[in-house]
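Peer 1: Following this message is one structure expressed as C-alpha cells.
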Amino acid sequence: MPPTLVLIRHAQALHNVASDWSIHDAPLSDLGKQQCAELHESLKNSKIGNEIELIVVSAMRRTLETAVLGLGWLIDEKKIKVLPDAGWQENSDKPCDTGSSIATMAFEFPQFDFSKVDPLYPDKTTSVSINPYAFTGKAVLARGQACLQALYSRPEKVIAVVSHSGFLRTAISNRRFFNADWRIFDFDEDALIESRQKCLGVDGQGLFRLKEWGETEEKGGGMSRSEKGIFGVLATDFPPGMGLQDETPTEDPSNNTS
C-alpha cells in the first residue's frame, strides 16, 4: 500500500519578506523561525505527525532549515531519517529559487547525508531542453511525477516532505500552502488505474495523483492558514514559450481535481 504524505511548505524566508527574488538560496527570516516553532507544536500534537517514518526535503537552504527547526523532535528524538532531494526544489531559476552547491549544504547541515542528491543540482539552466530541473512546464510537471513515483513504492506508511509552494501547487497537489503549513494526502489509486488504462504517463504507466484528507482540506491546512480550494496550473506559472504547450500528451494537469 502506498504511503500517506504530509506535505509541508517551508517557513518564511528572507526573499518572501520584501519579495526580493535576487537573494540567492535565501535562509529563513526571524518570523520564519517562529513559524517553525509553531509547525513543531502543530505536528507534534497531531496523530499523523507522530506516525511519520521518513522525511524528504528539498535540498535548498530554507527547506532544510524548516526541517531542522520544525521537525526536530522527529529527527533528534525519534531518529527519523532525512533524505535531501533535488527533485523537490522550487520551480523558477531566479536566484531565490536556485540552490547552493551540495558541498555548501553538506557543510551547513552536516547532520544530513547529501551523497544521494543528484550531482546536477543546483543547475537549472544548462541544456534546458533535457535538464530535469529546468524552469519549463514540461520539466516541472515531469519532475513532479518522478517525485511521486519515487515515494509510491517506499515501505514507510507515512512520509513527510518539506518543499515549496510553487512546486507543490503546480506539480504535486493543486493546492496552495501558507508558509510552514501542512496538508495530508493519499495516492489516488483509482486515478492511477484509470490513467494506466488510457496509457497515460511515462510509457503508459499511469499518472500519479493525490487526494487530500478532509481533515486538512476543510480547514485550509493543518494549521488552518492556507487558502482553501483547488488551484491548477496557469499559463503564467512558466516563462512565455516554456509552458504546457510542449507537454507530452498525457493529461492536462489543470483538470486535476484531486
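So you can find residues: chains in the C-alpha cells are A, B, ... in the order shown, residues in each start at 1, and ligands are numbered from 1 in order.
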Name the residues of segment 158-211 of chain A that come out as helix (DSSP H, G or I) in a backbone DSSP run; write them as a list of chain:residue names.
Peer 2: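 Secondary structure check on segment 158-211 of chain A, helix (DSSP H, G or I): A:Ser165, A:Gly166, A:Phe167, A:Leu168, A:Arg169, A:Thr170, A:Ala171, A:Ile172, A:Ser173, A:Glu189, A:Asp190, A:Ala191, A:Leu192, A:Ile193, A:Glu194, A:Ser195, A:Arg196, A:Gln197, A:Val202, A:Asp203, A:Gly204.
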Peer 1: Output as a VMD selection string all residues of segment 33-203 of chain A that backbone DSSP marks as strand (DSSP E or B).
Peer 2: chain A and resid 54 to 58 81 to 85 158 to 163 182 to 187
Peer 1: Name the residues in contact with Asn50 of chain A at a cut-off of 10 Å, using only C-alpha atoms, excluding same-chain residues fewer than 4 positions from it; report them as a count of residues only.
Peer 2: 8
Peer 1: Kindly provide the residues of segment 44-134 of chain A that approach segment 184-191 of chain A to within 12 Å, each paired with its closest atom pair and their distance in Å to one decimal, based on only C-alpha atoms, listed by chain and increasing number, as a Markdown table.
Peer 2:
| residue | atom | partner | partner_atom | distance |
| --- | --- | --- | --- | --- |
| A:Ser46 | CA | A:Ile184 | CA | 11.6 |
| A:Lys47 | CA | A:Ile184 | CA | 11.6 |
| A:Ile48 | CA | A:Ile184 | CA | 8.5 |
| A:Gly49 | CA | A:Ile184 | CA | 10.1 |
| A:Ile52 | CA | A:Ile184 | CA | 11.4 |
Peer 1: Under the rule that only C-alpha atoms are counted, which of A:Asp203, A:Phe238, A:Ala59, A:Ser153 is the nearest residue to Gly137 of chain A?
Peer 2: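 Answer, going by the shortest atom-to-atom distance: A:Phe238.
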